[in-house]
Each structure stands twice: as structure tokens, then as C-alpha cells.
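The structure file run-v7.txt is reproduced below (compact mmCIF, C-alpha atoms).
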# COMPACT_ATOMS: atom_id res chain seq x y z
CA MET A 578 -5.72 -25.88 -7.63
CA LYS A 579 -3.88 -29.08 -8.49
CA ILE A 580 -1.38 -30.33 -5.90
CA THR A 581 1.08 -33.17 -6.48
CA LYS A 582 2.88 -34.51 -3.41
CA GLU A 583 6.07 -36.49 -3.62
CA LYS A 584 8.69 -37.09 -0.95
CA ASN A 585 9.64 -33.58 0.25
CA ILE A 586 8.54 -32.00 -3.03
CA ILE A 587 5.18 -30.30 -3.44
CA THR A 588 4.13 -29.15 -6.91
CA VAL A 589 1.20 -26.80 -7.27
CA GLU A 590 -0.50 -26.08 -10.60
CA ASP A 591 -3.64 -24.15 -11.52
CA TYR A 592 -3.04 -21.90 -8.53
CA GLY A 593 -4.65 -18.89 -10.12
CA SER A 594 -3.04 -15.52 -9.61
CA PHE A 595 0.10 -16.03 -7.54
CA ASP A 596 3.61 -14.71 -8.13
CA LEU A 597 6.11 -16.13 -5.65
CA GLY A 598 8.83 -13.57 -6.26
CA LEU A 599 6.52 -10.57 -6.09
CA SER A 600 4.84 -11.84 -2.94
CA VAL A 601 8.02 -12.46 -0.91
CA ASP A 602 9.99 -9.48 -2.22
CA CYS A 603 7.52 -6.59 -2.35
CA GLY A 604 8.25 -5.13 1.07
CA GLN A 605 5.89 -7.11 3.28
CA ALA A 606 8.47 -9.66 4.51
CA PHE A 607 12.21 -9.36 5.02
CA ARG A 608 13.69 -12.85 5.42
CA TRP A 609 13.44 -14.20 1.88
CA VAL A 610 16.50 -14.38 -0.39
CA GLN A 611 17.05 -15.82 -3.85
CA ASN A 612 19.92 -18.30 -4.14
CA GLU A 613 22.23 -19.03 -7.08
CA GLN A 614 19.69 -21.51 -8.48
CA SER A 615 17.03 -18.76 -8.44
CA LYS A 616 15.08 -20.51 -5.69
CA TRP A 617 13.52 -18.36 -3.00
CA CYS A 618 14.73 -19.38 0.45
CA GLY A 619 13.19 -18.38 3.76
CA ILE A 620 12.56 -19.43 7.36
CA VAL A 621 9.06 -19.14 8.82
CA SER A 622 8.01 -20.45 12.23
CA GLY A 623 11.38 -22.15 12.48
CA ARG A 624 10.87 -24.08 9.22
CA TYR A 625 13.22 -23.62 6.27
CA LEU A 626 11.84 -23.58 2.73
CA GLU A 627 13.22 -23.45 -0.79
CA ALA A 628 10.64 -22.69 -3.47
CA GLU A 629 10.60 -21.83 -7.16
CA GLN A 630 8.08 -21.00 -9.82
CA LYS A 631 8.44 -21.67 -13.53
CA ASP A 632 6.48 -23.04 -16.48
CA GLY A 633 3.20 -22.59 -14.63
CA LYS A 634 4.33 -24.69 -11.67
CA LEU A 635 5.02 -23.68 -8.10
CA THR A 636 7.46 -26.10 -6.47
CA LEU A 637 8.03 -26.17 -2.74
CA TYR A 638 10.81 -28.36 -1.37
CA ALA A 639 8.95 -29.29 1.79
CA SER A 640 7.25 -32.23 3.42
CA GLU A 641 3.54 -32.80 2.87
CA GLU A 642 2.98 -32.11 6.56
CA ASP A 643 4.77 -28.75 6.45
CA PHE A 644 2.93 -27.77 3.28
CA GLU A 645 -0.48 -28.49 4.76
CA ASN A 646 0.27 -27.10 8.24
CA LEU A 647 2.31 -24.05 7.29
CA TRP A 648 3.10 -23.10 3.71
CA ARG A 649 -0.35 -23.46 2.14
CA ASN A 650 -1.72 -20.97 4.64
CA TYR A 651 1.38 -18.75 4.72
CA PHE A 652 1.21 -18.10 0.97
CA ASP A 653 -2.59 -17.72 1.15
CA LEU A 654 -3.00 -20.19 -1.69
CA ASP A 655 -6.68 -20.91 -1.02
CA THR A 656 -7.88 -17.33 -1.41
CA ASP A 657 -9.28 -16.50 -4.86
CA TYR A 658 -7.15 -13.48 -5.73
CA ALA A 659 -8.35 -13.58 -9.32
CA LYS A 660 -11.86 -12.87 -8.04
CA LEU A 661 -10.58 -10.10 -5.80
CA CYS A 662 -8.76 -8.50 -8.73
CA GLU A 663 -11.87 -8.83 -10.86
CA ASN A 664 -13.75 -6.83 -8.23
CA PHE A 665 -10.96 -4.25 -8.03
CA CYS A 666 -11.18 -3.72 -11.79
CA ALA A 667 -14.34 -1.68 -11.23
CA ASP A 668 -11.85 1.13 -10.56
CA GLU A 669 -9.59 2.19 -13.44
CA SER A 670 -6.42 2.81 -11.40
CA LEU A 671 -6.79 -0.49 -9.57
CA LYS A 672 -7.47 -2.23 -12.87
CA THR A 673 -4.17 -0.91 -14.20
CA ALA A 674 -2.31 -1.83 -11.02
CA THR A 675 -3.60 -5.40 -10.87
CA GLU A 676 -2.96 -5.95 -14.58
CA CYS A 677 0.53 -4.48 -14.30
CA CYS A 678 1.69 -6.60 -11.35
CA PRO A 679 -0.70 -9.50 -10.82
CA GLY A 680 0.06 -12.29 -8.41
CA ILE A 681 0.87 -10.49 -5.16
CA HIS A 682 -0.56 -12.40 -2.21
CA ILE A 683 -0.65 -11.19 1.38
CA LEU A 684 1.70 -13.44 3.35
CA LYS A 685 0.20 -14.72 6.60
CA GLN A 686 3.16 -14.05 8.84
CA GLU A 687 3.70 -14.72 12.53
CA PRO A 688 2.25 -11.72 14.42
CA TRP A 689 5.31 -11.20 16.62
CA GLU A 690 7.73 -11.35 13.68
CA ALA A 691 5.57 -8.89 11.71
CA LEU A 692 5.36 -6.47 14.63
CA CYS A 693 9.07 -6.59 15.38
CA SER A 694 10.02 -6.34 11.69
CA PHE A 695 7.91 -3.27 11.07
CA ILE A 696 9.22 -1.59 14.21
CA ILE A 697 12.67 -2.10 12.68
CA SER A 698 11.43 -0.79 9.31
CA GLN A 699 10.72 2.71 10.61
CA ASN A 700 12.70 5.39 8.74
CA ASN A 701 14.77 2.64 7.18
CA ASN A 702 15.52 1.16 3.77
CA ILE A 703 14.95 -2.47 2.84
CA PRO A 704 18.63 -3.60 2.69
CA ARG A 705 19.26 -2.16 6.16
CA ILE A 706 16.00 -3.64 7.52
CA LYS A 707 17.05 -7.06 6.25
CA GLY A 708 20.50 -6.65 7.76
CA ILE A 709 19.16 -5.77 11.21
CA ILE A 710 16.68 -8.65 11.15
CA THR A 711 19.38 -11.08 10.02
CA ARG A 712 21.61 -10.01 12.92
CA LEU A 713 18.66 -10.23 15.32
CA CYS A 714 18.03 -13.85 14.31
CA GLU A 715 21.70 -14.84 14.29
CA ASN A 716 22.28 -13.39 17.75
CA PHE A 717 19.10 -14.42 19.55
CA GLY A 718 17.20 -16.94 17.39
CA GLU A 719 17.25 -20.70 17.72
CA LYS A 720 19.50 -22.54 15.25
CA VAL A 721 17.43 -24.38 12.67
CA GLU A 722 18.06 -25.90 9.25
CA SER A 723 20.04 -23.48 7.08
CA GLY A 724 19.78 -20.56 9.47
CA TYR A 725 18.05 -19.21 12.54
CA ALA A 726 14.45 -18.88 13.67
CA PHE A 727 13.05 -15.48 14.49
CA PRO A 728 13.58 -14.95 18.25
CA SER A 729 10.45 -15.02 20.37
CA ALA A 730 9.09 -12.09 22.34
CA GLU A 731 9.85 -14.06 25.52
CA VAL A 732 13.54 -14.35 24.63
CA LEU A 733 13.90 -10.68 23.69
CA SER A 734 11.94 -9.49 26.73
CA LYS A 735 14.80 -10.60 28.97
CA LEU A 736 17.35 -8.46 27.12
CA THR A 737 18.42 -4.85 27.50
CA VAL A 738 18.95 -2.14 24.92
CA GLU A 739 22.67 -2.68 25.39
CA ASP A 740 22.27 -6.38 24.53
CA LEU A 741 20.89 -5.33 21.14
CA ALA A 742 23.95 -3.22 20.27
CA PRO A 743 25.26 -5.84 17.75
CA LEU A 744 22.12 -5.28 15.65
CA ARG A 745 23.04 -1.64 14.97
CA SER A 746 19.35 -0.82 15.07
CA GLY A 747 19.73 2.64 16.61
CA PHE A 748 16.71 4.19 18.33
CA ARG A 749 14.61 1.14 17.42
CA ALA A 750 16.31 -1.04 20.06
CA LYS A 751 14.31 0.44 22.93
CA TYR A 752 11.09 -0.07 20.98
CA ILE A 753 11.95 -3.74 20.28
CA ILE A 754 12.53 -4.36 24.00
CA ASP A 755 9.32 -2.57 25.01
CA ALA A 756 7.32 -4.53 22.43
CA ALA A 757 8.83 -7.85 23.55
CA GLN A 758 8.03 -7.15 27.19
CA LYS A 759 4.45 -6.05 26.55
CA VAL A 760 3.70 -8.98 24.24
CA SER A 761 5.31 -11.61 26.47
CA ASN A 762 3.59 -10.41 29.65
CA GLY A 763 0.20 -10.14 27.94
CA GLU A 764 -0.16 -6.38 28.25
CA VAL A 765 -0.59 -6.43 24.47
CA ASP A 766 -3.01 -9.30 23.91
CA PHE A 767 -2.41 -11.04 20.59
CA ASP A 768 -5.28 -13.48 21.13
CA ARG A 769 -7.79 -10.65 21.46
CA ILE A 770 -6.29 -8.78 18.51
CA LYS A 771 -6.96 -11.88 16.39
CA THR A 772 -10.61 -12.15 17.40
CA GLU A 773 -11.72 -8.59 18.10
CA PRO A 774 -12.66 -5.98 15.47
CA ILE A 775 -9.70 -4.16 13.96
CA ASP A 776 -10.03 -0.99 16.04
CA PHE A 777 -9.17 -2.98 19.16
CA GLY A 778 -5.91 -4.10 17.54
CA ARG A 779 -5.08 -0.56 16.47
CA GLU A 780 -5.38 0.67 20.05
CA GLU A 781 -3.69 -2.37 21.57
CA LEU A 782 -0.59 -2.25 19.38
CA GLN A 783 -0.12 1.46 19.91
CA LYS A 784 0.41 0.81 23.63
CA ILE A 785 3.94 -0.07 22.56
CA LYS A 786 6.51 2.71 22.55
CA GLY A 787 7.37 3.76 19.02
CA VAL A 788 4.39 2.01 17.42
CA GLY A 789 2.24 4.48 15.55
CA ALA A 790 -0.53 4.06 13.04
CA LYS A 791 1.64 2.78 10.17
CA VAL A 792 3.42 0.04 12.15
CA ALA A 793 0.10 -0.98 13.71
CA GLU A 794 -1.60 -1.24 10.31
CA CYS A 795 1.31 -3.25 8.85
CA THR A 796 1.19 -5.64 11.80
CA LEU A 797 -2.56 -6.06 11.51
CA LEU A 798 -2.38 -6.73 7.77
CA TYR A 799 0.70 -8.94 7.52
CA GLY A 800 0.69 -10.49 10.99
CA PHE A 801 -3.03 -10.89 11.72
CA TYR A 802 -4.43 -10.99 8.16
CA LYS A 803 -6.83 -8.14 8.89
CA THR A 804 -7.32 -7.34 5.22
CA GLU A 805 -9.14 -4.10 5.95
CA ALA A 806 -5.95 -2.70 7.51
CA PHE A 807 -4.47 0.06 5.37
CA PRO A 808 -0.80 0.96 5.94
CA VAL A 809 0.08 4.45 4.71
CA ASP A 810 3.65 5.39 3.83
CA VAL A 811 5.02 8.08 1.51
CA TRP A 812 4.02 6.12 -1.60
CA VAL A 813 0.50 5.46 -0.40
CA LYS A 814 0.13 9.11 0.60
CA ARG A 815 0.95 10.04 -2.98
CA ILE A 816 -1.52 7.50 -4.30
CA MET A 817 -4.30 8.82 -2.09
CA ALA A 818 -3.55 12.46 -2.94
CA GLU A 819 -3.29 11.84 -6.68
CA MET A 820 -6.03 9.26 -7.23
CA TYR A 821 -8.27 8.90 -4.20
CA PRO A 822 -8.59 12.23 -2.36
CA ASP A 823 -12.03 11.12 -1.16
CA GLY A 824 -10.87 7.64 -0.09
CA LEU A 825 -10.63 4.24 -1.74
CA PRO A 826 -13.51 3.07 -3.96
CA GLU A 827 -16.30 0.85 -2.70
CA CYS A 828 -14.92 -2.17 -4.60
CA THR A 829 -12.08 -2.43 -2.06
CA LYS A 830 -14.28 -2.56 1.04
CA GLY A 831 -12.96 -5.09 3.55
CA LYS A 832 -9.93 -5.75 1.33
CA GLU A 833 -8.30 -2.34 1.45
CA GLY A 834 -4.97 -3.81 2.53
CA ILE A 835 -4.82 -6.12 -0.48
CA ALA A 836 -5.73 -3.28 -2.82
CA GLN A 837 -3.04 -1.16 -1.18
CA GLN A 838 -0.40 -3.78 -1.91
CA TYR A 839 -1.16 -3.70 -5.65
CA LEU A 840 -1.32 0.10 -5.75
CA PHE A 841 1.89 0.46 -3.72
CA HIS A 842 3.90 -1.87 -5.95
CA TRP A 843 2.54 -0.32 -9.15
CA ARG A 844 3.04 3.29 -8.04
CA ARG A 845 6.57 2.63 -6.79
CA ASN A 846 7.80 0.59 -9.76
CA PHE A 847 5.76 1.35 -12.86
CA PHE A 848 3.88 4.64 -12.59

As a first step, turn the structure in this file into C-alpha cells.
Amino acid sequence: MKITKEKNIITVEDYGSFDLGLSVDCGQAFRWVQNEQSKWCGIVSGRYLEAEQKDGKLTLYASEEDFENLWRNYFDLDTDYAKLCENFCADESLKTATECCPGIHILKQEPWEALCSFIISQNNNIPRIKGIITRLCENFGEKVESGYAFPSAEVLSKLTVEDLAPLRSGFRAKYIIDAAQKVSNGEVDFDRIKTEPIDFGREELQKIKGVGAKVAECTLLYGFYKTEAFPVDVWVKRIMAEMYPDGLPECTKGKEGIAQQYLFHWRRNFF
């Protein structure tokens, strides 16, 4: 990977298999939008970023410090996805999926934002999910450059279901409040989820009202980078029934969540 650093402009070349648009807009994150100049814009950990990818170059309009401390890790640029995809190609369906939509990286999101976002995602479509999250940030997040930070669990834990009425989140409001309270008071221990085997996290997250297996797996994959986590929605159920009735192939072991992301995008958009 070749990185050129100028004042507030980072250019990355030879980054292997990475597609910026696919990675931020494939259903794993909900706060990225494309502006009139076709740059992807988002706020992560209170930091605003504009980024674009063309002619084999990934350009991030960010300081060197923010790139090294946040964005390099967030976009998982140091993981060799080309090698992962090479391993996946031992299976014919995965070979097709990775060749059809290469470049998806797992975004290393803030655990609380991932948990809260996927609670909101339940029985919901992506435009409505994005709308609720936007209103959540505008109403309760700290004002930052070009928008609002995602509100902390501590801030939301002090609110009531009635306080969340402007979000128009329906039944999910009571789950957001319960999650915020249990995370902020330590009843759900993020530090242990990070360090313990994945089964601990599965049990810990499901202490929260309204958090079932799917939301827990999404949080573990996208918020804690537990790549063996395997979220199952209607599309993945179809994939498993049609292609893997006996389970995923051995070539995905330990990286089932990454394989799932390729299969999900391929099955939903190209199959």
C-alpha cells in the first residue's frame, strides 16, 4: 500500500481489493451519503470525512493524524482482502460472489453506534433506518463539523421513550433506551465483549430488550470486528437454504462474517 500525505489530503494507492462505495453503502453502516461531487461523506467518532475513489486512487480529505488514528483502521485498509478472497475461491459460489462484487471491506465501527443502529434496523428498510439515525444524531448528538456526532449511550440513558418521539422509531424506542442504560451502567460489558470469545458477546448483548441473534451478530461483526460472527436475515436464509444447507464451507472458517457480506451483496443484487 502506497500512502501519500499532504496537508489534509491523504492519497492511497496499491490498496488491493477495496471499493469505497460498496463498503460504505452495502447495508453495514447508515451514516454515509454521496454529495454532488460524488464524494462519500460521513461522521465517525465525531470526525467528519469526505472521501473519493477514482483512477486507482483512494483520496481522503483528512489530516494525517486522523488518517492514522481513525480512518486507516475504520476502513480496514491493512487487512489483505485479496488473500481472503483467494481462500474463499475454493468454493464455487463464493468465487462467483467475490468476483462479482470485489472490494467490500468490513467497517470497524464504534460498538455503541453499531448496536444502536442495528436495533433501529429491525423490520425496517434502509431509507427509514437512515432517517431515524439522522434524527437521533440531530436531536441528541454533539454538533461537529458538517453535522452531528452519534449520541453516546450515557446521553441516551438519561432519556425516556417519550423523549425519542421526534425520531419516529416506533417500538424500537424502548429498546434504544434499555440498551443505552445497560451499556452505560456496565450491565452489558463492552470491554469483556472485545476480549472474550464470541459466545460471551452473544449472551451479553442479548441481555438487552429487543436484541436477538441477528442484532447481536451484526453488532459483533461490525462493532467489535468479530469476523466469525454470522448475521442471518432473509437473504442469508435463502443463501443457506439454496447453497449451503450443511453450513458454510471450511474455507470461510473464522471469517464467516466477511464471506457473508460478499454472499449477501451478490445474492441481493446480482443473483

Can you work out which one of A:Gly787, A:Gly619, A:Pro679, A:Gly718 has the shortest atom-to-atom distance to Ile754 of chain A, counting only C-alpha atoms?
->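 Under the stated criterion, the closest residue is A:Gly787.
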
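The neighbours of Ala606 of chain A here are the residues that come within 9 Å of it, using all atoms listed in the file and leaving out any residue fewer than 6 positions away in the same chain; they are Ser600, Leu684, Gln686, Ala691, Ser694 and Tyr799 of chain A.
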
Could you pull the residues within 9 Å of segment 776-780 of chain A, counting only C-alpha atoms, minus those fewer than 6 positions along the same chain, as a PyMOL selection string?
-> chain A and resi 766-767+769-770+789-790+793-794+797

Can you pull out the residues contacting segment 652-658 of chain A? Cut-off 8 Å, using all atoms listed in the file, and skip same-chain residues under 2 positions away; I want them as a PDB file with C-alpha atoms, in the frame of the given file.
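Resulting contents of out.pdb:
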ATOM      1  CA  TYR A 592      -3.040 -21.900  -8.530  1.00  0.00           C
ATOM      2  CA  GLY A 593      -4.650 -18.890 -10.120  1.00  0.00           C
ATOM      3  CA  SER A 594      -3.040 -15.520  -9.610  1.00  0.00           C
ATOM      4  CA  PHE A 595       0.100 -16.030  -7.540  1.00  0.00           C
ATOM      5  CA  TRP A 648       3.100 -23.100   3.710  1.00  0.00           C
ATOM      6  CA  ARG A 649      -0.350 -23.460   2.140  1.00  0.00           C
ATOM      7  CA  ASN A 650      -1.720 -20.970   4.640  1.00  0.00           C
ATOM      8  CA  LYS A 660     -11.860 -12.870  -8.040  1.00  0.00           C
ATOM      9  CA  LEU A 661     -10.580 -10.100  -5.800  1.00  0.00           C
ATOM     10  CA  CYS A 662      -8.760  -8.500  -8.730  1.00  0.00           C
ATOM     11  CA  GLY A 680       0.060 -12.290  -8.410  1.00  0.00           C
ATOM     12  CA  HIS A 682      -0.560 -12.400  -2.210  1.00  0.00           C
ATOM     13  CA  ILE A 683      -0.650 -11.190   1.380  1.00  0.00           C
ATOM     14  CA  LEU A 684       1.700 -13.440   3.350  1.00  0.00           C
ATOM     15  CA  LYS A 685       0.200 -14.720   6.600  1.00  0.00           C
TER      16      LYS A 685
END

Exercise: residues within 9 Å of coordinate (10.3, -18.4, -4.4), counting all atoms listed in the file, as a list in words =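 I get Asp596, Leu597, Gly598, Leu599, Ser600, Val601, Trp609, Val610, Gln611, Ser615, Lys616, Trp617, Cys618, Gly619, Leu626, Glu627, Ala628, Glu629, Gln630, Leu635, Thr636 and Leu637 of chain A for the residues within 9 Å of that point.
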
Using atom CA of Ile753 of chain A and atom CA of Cys693 of chain A as the two end points, give the distance in Å to one decimal.
->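 Rounded to one decimal, the two atoms are 6.4 Å apart.
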
By how many Å are atom CA of Thr673 of chain A and atom CA of Arg608 of chain A apart?
-> 29.1 Å

So what do you get for atom CA of Gln614 of chain A versus atom CA of Tyr638 of chain A, distance-wise?
->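 We find that atom CA of Gln614 of chain A and atom CA of Tyr638 of chain A lie 13.3 Å from each other.
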
Nearest to Tyr821 of chain A by atom-to-atom distance, counting only C-alpha atoms, from A:Phe717, A:Pro688, A:Leu671, A:Glu764 =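 For Tyr821 of chain A, the nearest of the candidates is A:Leu671.
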
Can you list, as a short mmCIF file (atom, residue, chain, number, x, y, z; two decimals) with C-alpha atoms, in the coordinates of the input, every protein, DNA or RNA residue that comes within 10 Å of Thr581 of chain A when you count all atoms listed in the file, leaving out same-chain residues fewer than 2 positions away?
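Done, and the output landed in selection.cif:
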data_model
loop_
_atom_site.label_atom_id
_atom_site.label_comp_id
_atom_site.auth_asym_id
_atom_site.auth_seq_id
_atom_site.Cartn_x
_atom_site.Cartn_y
_atom_site.Cartn_z
CA LYS A 579 -3.88 -29.08 -8.49
CA GLU A 583 6.07 -36.49 -3.62
CA ILE A 586 8.54 -32.00 -3.03
CA ILE A 587 5.18 -30.30 -3.44
CA THR A 588 4.13 -29.15 -6.91
CA VAL A 589 1.20 -26.80 -7.27
CA GLU A 590 -0.50 -26.08 -10.60
CA THR A 636 7.46 -26.10 -6.47
CA GLU A 641 3.54 -32.80 2.87
#

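With distances taken from (8.0, -8.1, 29.4) and restricted to all atoms listed in the file, the residues inside 10 Å are Ala730, Glu731, Val732, Leu733, Ser734, Lys735, Leu736, Ile754, Asp755, Ala756, Ala757, Gln758, Lys759, Val760, Ser761, Asn762, Gly763 and Glu764 of chain A.
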
Okay, now the selection with C-alpha atoms, as a PDB file, keeping the file's coordinate frame?
ATOM      1  CA  ALA A 730       9.090 -12.090  22.340  1.00  0.00           C
ATOM      2  CA  GLU A 731       9.850 -14.060  25.520  1.00  0.00           C
ATOM      3  CA  VAL A 732      13.540 -14.350  24.630  1.00  0.00           C
ATOM      4  CA  LEU A 733      13.900 -10.680  23.690  1.00  0.00           C
ATOM      5  CA  SER A 734      11.940  -9.490  26.730  1.00  0.00           C
ATOM      6  CA  LYS A 735      14.800 -10.600  28.970  1.00  0.00           C
ATOM      7  CA  LEU A 736      17.350  -8.460  27.120  1.00  0.00           C
ATOM      8  CA  ILE A 754      12.530  -4.360  24.000  1.00  0.00           C
ATOM      9  CA  ASP A 755       9.320  -2.570  25.010  1.00  0.00           C
ATOM     10  CA  ALA A 756       7.320  -4.530  22.430  1.00  0.00           C
ATOM     11  CA  ALA A 757       8.830  -7.850  23.550  1.00  0.00           C
ATOM     12  CA  GLN A 758       8.030  -7.150  27.190  1.00  0.00           C
ATOM     13  CA  LYS A 759       4.450  -6.050  26.550  1.00  0.00           C
ATOM     14  CA  VAL A 760       3.700  -8.980  24.240  1.00  0.00           C
ATOM     15  CA  SER A 761       5.310 -11.610  26.470  1.00  0.00           C
ATOM     16  CA  ASN A 762       3.590 -10.410  29.650  1.00  0.00           C
ATOM     17  CA  GLY A 763       0.200 -10.140  27.940  1.00  0.00           C
ATOM     18  CA  GLU A 764      -0.160  -6.380  28.250  1.00  0.00           C
TER      19      GLU A 764
END

Would you list the contacts of segment 723-728 of chain A as a list in words, taking every protein, DNA or RNA residue within 8 Å and counting all atoms listed in the file, but skipping same-chain residues closer than 5 positions in sequence?
->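 Near neighbours after the sequence-gap exclusion: Ile620, Val621, Ser622, Gly623, Arg624, Tyr625, Glu690, Leu713, Cys714, Glu715, Phe717, Gly718 and Leu733 of chain A.
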
Store the residues picked out above in a file with C-alpha atoms, as a short mmCIF file (atom, residue, chain, number, x, y, z; two decimals), in the coordinates of the input.
data_model
loop_
_atom_site.label_atom_id
_atom_site.label_comp_id
_atom_site.auth_asym_id
_atom_site.auth_seq_id
_atom_site.Cartn_x
_atom_site.Cartn_y
_atom_site.Cartn_z
CA ILE A 620 12.56 -19.43 7.36
CA VAL A 621 9.06 -19.14 8.82
CA SER A 622 8.01 -20.45 12.23
CA GLY A 623 11.38 -22.15 12.48
CA ARG A 624 10.87 -24.08 9.22
CA TYR A 625 13.22 -23.62 6.27
CA GLU A 690 7.73 -11.35 13.68
CA LEU A 713 18.66 -10.23 15.32
CA CYS A 714 18.03 -13.85 14.31
CA GLU A 715 21.70 -14.84 14.29
CA PHE A 717 19.10 -14.42 19.55
CA GLY A 718 17.20 -16.94 17.39
CA LEU A 733 13.90 -10.68 23.69
#

Option closest in space to Phe801 of chain A, from A:Lys830, A:Lys672, A:Lys771, A:Lys584 [counting all atoms listed in the file] |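 Checking each candidate against Phe801 of chain A, we get A:Lys771 as the closest.
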
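Comparing the minimum interatomic distances between Tyr752 of chain A and each of A:Ile696, A:Leu782, A:Val792, A:Ile710, counting all atoms listed in the file, we find that A:Ile696 sits nearest.
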
From the set A:Gly800, A:Gly824, A:Gly834, A:Gly708, which residue has the shortest atom-to-atom contact distance to Tyr651 of chain A, counting only C-alpha atoms?
->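 With only C-alpha atoms as the atom set, the closest residue is A:Gly800.
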
Could you work out an axis-aligned bounding box for all listed atoms of segment 593-605 of chain A, with 6 Å added on each of the six sides, and give its centre and edge lengths in Å to one decimal, as AutoDock Vina command-line options?
--center_x 2.7 --center_y -12.0 --center_z -3.4 --size_x 26.6 --size_y 25.8 --size_z 25.4
